[in-house]
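> Provided herewith is a single structure, encoded as structure tokens, for subsequent inquiry.
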Amino acid sequence: MKYSSRSSCKRRTGWRRGIWFCQSVLYCILFMFLPRIRPVVGWIHRQHFTRKFPLLIADSSASDQPRIINDYFHSRRRRQIHSSTALHMARWNAGDSVQVRINNDELVEASVLEARGAGWYSIQLPDKSIMKCRASQLVPITSTASVSTTVETFSSKNRMRPTISVEDDGSVVKVALPPPTIHDLDAALLASDHKQESEEFLKQVEHHATFEKWVAFTDLHCSPATLDTCLEVLDKVHSVAKENNAGVLFLGDFWHHRGTLRVDCLNAILNHFKSWEVPMVMIPGNHDQVTLDGHSHSLIPFENAYRVGGVPGPLVLSFPTKFRDALFVPHIRDIATMESVLQASPALESSAFFIHAEVTGALMNDQLVSTGGVPPASFPPNKKIYSGHFHKPHTVKASNVVIEYLGSPYEVSLAEAQQSKMLAIFDKDWNCEEYLPISIGRRHFKFSSWNDFLRHDVAEDESSKEHVVGKARSGDRIVVSVPKENTLPVSIATRINEVREAGVTVEIRETKAKSLDKSEVSGAKLIEEEMTPESTWKAYIEGEKERELLTEAKAASLLTEGLKLMEEIETNGNRREDSDAVTDLKLKSVSMEGFGPFQSRISYPLDNRGLVLLKGRNSDSGADSNGSGKTSLAMAALWALTGSMDARRANDGKVTDIINDYSKVARVTLEGSINGSTFSISRSKTGSKGNLVFIVDGDDLTTQSVKETQIMIEEKLGVDSQILSRTMFHGQHALNDMLESTDAKFKEELSLLVPIELWQSAATFARKKGRTAKGMVAELNGMYKVRSEDVAKTRDRQYNAERALQLKQEELERLQEESTMMEASEDLETSSDERLAEVEDAMRLAATEIEMLEETYATVTMEKESVLRPLQENLTSLQKSLDSLTAQSMSMERETHAASLRLMTAQEGISKVEQKWSVDLTAGIVPAELELPQTCPTCLQPISDEVGGGHDHVHQNMHSVVQEEISTGLESVSSAQELLKKLDLEAKDNYENRMGYETEIEKLTKEMENAKTHWDKQVKQAHDAIVEKRLEFADLSQQMSTVAKGAQAIANHKAAQASLDAGIAAVQYANQTYHALTTQVDEGNDLLASLEEQMDKESKLVGLMGELSDRFGQRGVQSFVLQTIVSSLESIAQVYLDNLSDGSLRLGLEIDEGERISRTAQVIGSDGVFKERPLSTLSGGQWRRCSLALSFAFAELFARRGKLKPSVCVLDEPLTHLDRIGRQKVGEVLRGMLRSADDDFQGFGGLGMNTVLIILQDLAAEELDEAFDCIDEVVRENGESFLKIDD
């Protein structure tokens, strides 16, 4: 029988949607007002618990019910935490060997390829297939594996990384995470079940294990700038290994740049390895590693670089590996992971360690000691430990632990100046039997006085340079940091030239006042201005400290953290490499063809020509020299080097403008030498494409594109177009650039001398770390508040437990006194013990039966309720359905009544139609023939048979009107009849449904009455049995009261003893509870103290990072660096300006507090006093003198700092706006750039040029003809330029 309809289904769907909406709103309210509704949530939990466990609650006292409920929910929470902890423990790293659970719980060995996140991992099965699985499917390998998998299983005795999980009650649970995989190659060689894919690897390991001597080196730091030195080091290592019949150990940091490898460098190294005949064991360092776990690194390309003994020579160990009883550990960033490796059983069983790690207390450089890294105590005692990472060879000693840093094999940077470098040779037991000193590559020397510099010798015998100790040789670098001097003594200038002629680079670094305020410079101490970022940072901090802007502690903290931050930036690859290479650029000659006005091939010498005048003569136009091609000739070398020439004012130029009008291709070839190595650059340009060829020492370094070759040129020569235009090629429009430039442009020019980008990156990085630390403080603060509330609640519970313990102790004392008094009483009798025991047994049995009957009563009551409740619910549901059908029936009656009225109305309408038109419609159809009356029944007008004639009632029209009226009436009657019939049927169905429901209700009511009668009887029987048994128990109690009075005393004594025992147990329980809560309070306080310590640490880090970001910012070290270089530039420029103006002009440069670079001029007055004047008021000649002085000073400062030592200087129209005396002074200064230090004129020895090429117009040239060593002329005739060289 069907009791529901579609409408009721729709109502139920709407009701469910309403419930869902209400739930969503309720959840939002819960999240908003969670603290206020916690008591309500607790009440709901208790109600749920009471319904779920009624007997447990019923058997407990009212005071114990909350404790039982709380213990239940806390136990559930602990299970959830342990479950989540188990998931957290299932963490695996790429490369780990595991077992995977697949079909039918079968375990198959596999290797983890990638951690995909969210608990998913990609693993490789033995058949090389790859599958994706959850962490729950992976389990550790419990048996030894072959060499291609994990061979060391970590047992419980191994030290593992701890993960701390805090429970709701404040207790701390430590869970150990699995440490990384350790490969045991020694065990693999002894194993017999080797897999086929491991055979070749085992052969390699077995071959390498036969060598009993090993030569070790580390921290090669190969880069394009150090490639030649690195190849020389590898040659030395290989030759030493061959001489000693030894293998080679490399301990990390083969490459300098992380993440990407230069193809030219990689090819050069691989090509070099082809000649190696000894095995090599390599571990990656932090500079070699790419990924966080370190398993992806840049030593992998070396795995098959060469072969020895039929096996691959390099054995690259990407994981901690045991080989020949020594543990080789690549760089591991996570300290806890590193410690777990060092304390694992393979480490404890090894006799030696070869690692690449930062150890606490190690020397990061000559001035800084590491405060982070791995503590020495984490290493097993009494082991031989050798490490890479830090470049200074030294030893770190702790109790029973000695770590030796082997150091880099050459001086990588100025920070390693005068450090001893060596190779280590080990015997078969890994004892270092010899440290072999080596001296390879460029060495650095630092002196703080001219006396130290003069006492230093230069090696003369180049062939024995490797054995020269303490002497500078060709290619080395000397940095002298001395106070500023306008002129150098003759002896010092002479010695500088001698040392430079010997091929040694000499850099002069002036010292300056620490104060950034120029008013304090004169009275302040002077400090050394270092070029390295680390020494610059130290100088800045020392200056701030001496100005009393920083305390000792604050300065030390900023210094240490700043250096660490810069090292972190470098480690992350965000720091631009500041090469120590010095460019000694000598240009020999330049030749061109089809270039500008030069159609035919010409060659122009540039070496050792002295002061050269380049003038022109144009026979094709009215101009004397303009357009002859002087500038094109002079700037051809710049075009060859950079692809660009002197920037013109107009911006409508094209690249192809340099091609001669009568040529298809423009070609310029430049020859010269860079640091003693000859080079040739040939650049050509056609209308559609260009070509560039670069050759150094006969090696063609041309790449596949002009752009890449240009990068190679700039890298090898160490210069770009901006540097060349500022130091060597001074175009006529560029001479005034520095004096006219904006502050931003001026700072951009200065950035060529100092690495401003580093400090900007450091400031950004410090702000980022500060934001991270601030977020951590907020998170810790939230944790602290939550834990504080938990501790406060636990402390309240501890106080209540203490009070309860005191009360129970007092109760116990009272019970003890009562028991003592009863024992001393004379009423104790023993004659009635048997009867007393008999009655007691009977009462005990009766009490047990009463309890059983009560349980039966409760069970029967619950069963009654469980039987009657569904019946009542069904009855209620049926009654609701019946009520719904009744209401539906009433609605149908109303609809039936309405349908009846409608039918009556339709029938009356039909009767009217029959009467009106005199037709019989009882058949319910329209008659086939209608006889119309003569007149219309409505309007009594006659009905005509003719159309027209003014009659409206035409017979044909009236016939259709009558038919339509009859049809409408019949349809109304039919529709009303059908509706009435449908309603009758629905009423009948409704009646049948109601009858069915009434029958079901009547049946269910009888069933419910029968069941109620049955269960009432059962309940009454159970209740009567309890009453009967209680009466029996009362009778037994009466019997007990009649027992002999002596037995009463015994009973009282036993009861007292039982109470005493219960009191003792209660005191013990209360004492245990109190002590447990005390422990929880102590642990909570320890946790709060730990959180406070972390918050304090992170808060200090926030402040420190904030101050570091300011100190690294524009008003901090950037201002210090810029002010330093601006001061040096001002000092040198003034020397030039004094000579150019005969001491009548002064140029001031200063960075004010707003980071604005102010440029001021002072002009001597008639009274001999200098008066300040704006630059805009200077005359053209004065402006030109200042511009030339600033340009020359920049070039000399660039040379003094070792950035570029050019041999040629080109000046295009430098005498513009100068009078005769001004032109003469310029000539003297230019001559001074070429003169040696023993001449009368001094002060410009820093440039040391051998050719100065000046382009002048005819008038100026005629005045200075006698001042030049050579006068060359460019002549233009018949549309082509020719060159006349003064030999």
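Quick note on naming: the chains in the structure tokens go A, B, ... in the order shown, residues restart at 1 in each chain, and ligands are numbered from 1 in order of appearance.
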Write out as a PyMOL selection string the set of residues from stretch 886-1096 of chain A that DSSP, computed on the backbone, places in alpha helix (DSSP H).
chain A and resi 886-917+955-1042+1045-1096
> Which residues of stretch 298-369 of chain A have any atom within 8 Å of an atom in stretch 375-387 of chain A when counting only C-alpha atoms, and what is the closest pair of atoms for each, with the distance in Å to one decimal? Order the rows by chain and rising number and write it as a tab-separated table.

residue	atom	partner	partner_atom	distance
A:Glu339	CA	A:Ser378	CA	5.9
A:Leu342	CA	A:Phe379	CA	5.9
A:Gln343	CA	A:Pro380	CA	6.9
A:Ala347	CA	A:Pro380	CA	7.6
A:Leu348	CA	A:Pro380	CA	6.3
A:Ser351	CA	A:Lys383	CA	5.8
A:Ala352	CA	A:Lys384	CA	4.5
A:Phe353	CA	A:Ile385	CA	4.6
A:Phe354	CA	A:Tyr386	CA	5.0
A:Ile355	CA	A:Ser387	CA	4.7
A:His356	CA	A:Ser387	CA	5.2
A:Ala357	CA	A:Ser387	CA	6.6
A:Val359	CA	A:Pro375	CA	5.9
A:Thr360	CA	A:Pro375	CA	5.1
> With only C-alpha atoms as the counted atoms, please give the residues lying no more than 9 Å from A:Asn618, apart from itself and same-chain residues fewer than 2 positions off, as a ChimeraX atom specification.
/A:616,620-629,1274-1277,1281
> Those residues with N, CA and C atoms, as an mmCIF file, in the first residue's frame please?

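Saved as part_7.cif:
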data_model
loop_
_atom_site.group_PDB
_atom_site.id
_atom_site.type_symbol
_atom_site.label_atom_id
_atom_site.label_comp_id
_atom_site.auth_asym_id
_atom_site.auth_seq_id
_atom_site.Cartn_x
_atom_site.Cartn_y
_atom_site.Cartn_z
ATOM 1 N N GLY A 616 92.302 66.013 -38.377
ATOM 2 C CA GLY A 616 91.691 65.621 -39.636
ATOM 3 C C GLY A 616 91.703 66.728 -40.664
ATOM 4 N N ASP A 620 86.532 67.202 -49.114
ATOM 5 C CA ASP A 620 85.306 67.032 -49.886
ATOM 6 C C ASP A 620 84.252 68.065 -49.528
ATOM 7 N N SER A 621 84.451 68.827 -48.431
ATOM 8 C CA SER A 621 83.432 69.798 -48.031
ATOM 9 C C SER A 621 84.112 71.067 -47.577
ATOM 10 N N GLY A 622 83.321 72.046 -47.229
ATOM 11 C CA GLY A 622 83.864 73.324 -46.807
ATOM 12 C C GLY A 622 84.533 73.268 -45.455
ATOM 13 N N ALA A 623 84.200 72.249 -44.641
ATOM 14 C CA ALA A 623 84.796 72.153 -43.310
ATOM 15 C C ALA A 623 86.257 71.750 -43.424
ATOM 16 N N ASP A 624 87.027 72.203 -42.426
ATOM 17 C CA ASP A 624 88.447 71.874 -42.427
ATOM 18 C C ASP A 624 88.689 70.436 -42.018
ATOM 19 N N SER A 625 88.075 70.004 -40.879
ATOM 20 C CA SER A 625 88.358 68.655 -40.369
ATOM 21 C C SER A 625 87.107 67.885 -39.984
ATOM 22 N N ASN A 626 85.985 68.574 -39.842
ATOM 23 C CA ASN A 626 84.766 67.870 -39.450
ATOM 24 C C ASN A 626 84.358 66.864 -40.509
ATOM 25 N N GLY A 627 83.986 65.663 -40.034
ATOM 26 C CA GLY A 627 83.535 64.631 -40.955
ATOM 27 C C GLY A 627 84.643 63.864 -41.618
ATOM 28 N N SER A 628 85.886 64.081 -41.220
ATOM 29 C CA SER A 628 86.991 63.353 -41.853
ATOM 30 C C SER A 628 87.084 61.910 -41.360
ATOM 31 N N GLY A 629 86.615 61.624 -40.160
ATOM 32 C CA GLY A 629 86.658 60.252 -39.639
ATOM 33 C C GLY A 629 87.549 60.085 -38.437
ATOM 34 N N VAL A 1274 93.891 62.157 -40.327
ATOM 35 C CA VAL A 1274 92.895 61.460 -41.145
ATOM 36 C C VAL A 1274 92.485 62.414 -42.264
ATOM 37 N N VAL A 1275 92.647 61.970 -43.506
ATOM 38 C CA VAL A 1275 92.373 62.807 -44.667
ATOM 39 C C VAL A 1275 91.217 62.184 -45.445
ATOM 40 N N ARG A 1276 90.227 63.012 -45.758
ATOM 41 C CA ARG A 1276 89.091 62.546 -46.544
ATOM 42 C C ARG A 1276 89.138 63.188 -47.934
ATOM 43 N N GLU A 1277 89.215 62.358 -48.938
ATOM 44 C CA GLU A 1277 89.238 62.810 -50.319
ATOM 45 C C GLU A 1277 88.377 61.876 -51.165
ATOM 46 N N SER A 1281 88.180 58.065 -46.617
ATOM 47 C CA SER A 1281 89.172 58.564 -45.667
ATOM 48 C C SER A 1281 90.400 57.679 -45.690
#
> If we count only C-alpha atoms, what is near A:Gln124 at a cut-off of 10 Å, once residues fewer than 3 positions away on the same chain are taken out, given as a list in words?
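Once the nearby chain positions are removed, what remains is Gly95, Ser97, Val100, Glu109, Ala110, Ser111, Val112, Leu113, Glu114, Asp127, Lys128, Ser129, Ile130, Met131 and Lys132 of chain A.
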> From a DSSP calculation on the backbone, collect every residue of stretch 1009-1193 of chain A in strand (DSSP E) and output the set as a list in words.
Leu1145, Arg1146, Leu1147, Gly1148, Leu1149, Glu1150, Ile1151, Ile1157, Ser1158, Arg1159, Thr1160, Ala1161, Gln1162, Val1163, Ile1164, Phe1170, Lys1171, Glu1172 and Arg1173 of chain A
> Show me, as a PyMOL selection string, the residues that have an atom within 12 Å of A:Gly610 when counting only C-alpha atoms, minus same-chain residues fewer than 2 positions from it.
chain A and resi 605-608+612-613+1207-1210+1230-1236+1248-1254+1267-1271+1286-1287
> Kindly indicate which residue among A:Thr532, A:Thr861, A:Gln872, A:Asn691 lies nearest to A:His1014, using only C-alpha atoms for the distances.
A:Thr861
> I'd like the interatomic distance between atom CA of A:Leu807 and atom CA of A:Arg795, to a tenth of an Å.
18.5 Å
> Can you list, as a list in words, every protein, DNA or RNA residue that comes within 10 Å of A:Asp720 when you count only C-alpha atoms, leaving out same-chain residues fewer than 6 positions away?
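Near A:Asp720, the qualifying residues are Leu638, Leu641, Thr642, Gln710, Ile711, Ile713 and Glu714 of chain A.
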> Report as a PyMOL selection string all protein, DNA and RNA residues lying within 12 Å of A:Thr260, evaluated on only C-alpha atoms, omitting residues in the same chain fewer than 6 positions from it.
chain A and resi 223+266+287-290+296-299+573
> Just give me the gap between atom CA of A:Trp255 and atom CA of A:Gly285 in Å, one decimal is fine.
8.9 Å
> Restricting the calculation to only C-alpha atoms, which member of A:Leu1036, A:Met592, A:Val402, A:Ile182 is positioned closest to A:Val341?
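So, comparing all the options, the nearest one is A:Ile182.
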> For atom CA of A:Gly770 and atom CA of A:Lys1100, determine how far apart the two atoms are, in Å to one decimal place.
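Spanning atom CA of A:Gly770 to atom CA of A:Lys1100 is a straight-line distance of 9.8 Å.
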> With only C-alpha atoms as the basis for distance, which of A:Val396, A:Met843, A:Val693, A:Ile269 is at the shortest distance from A:Leu363?
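When distances to A:Leu363 are compared using only C-alpha atoms, the smallest one comes from A:Val396.
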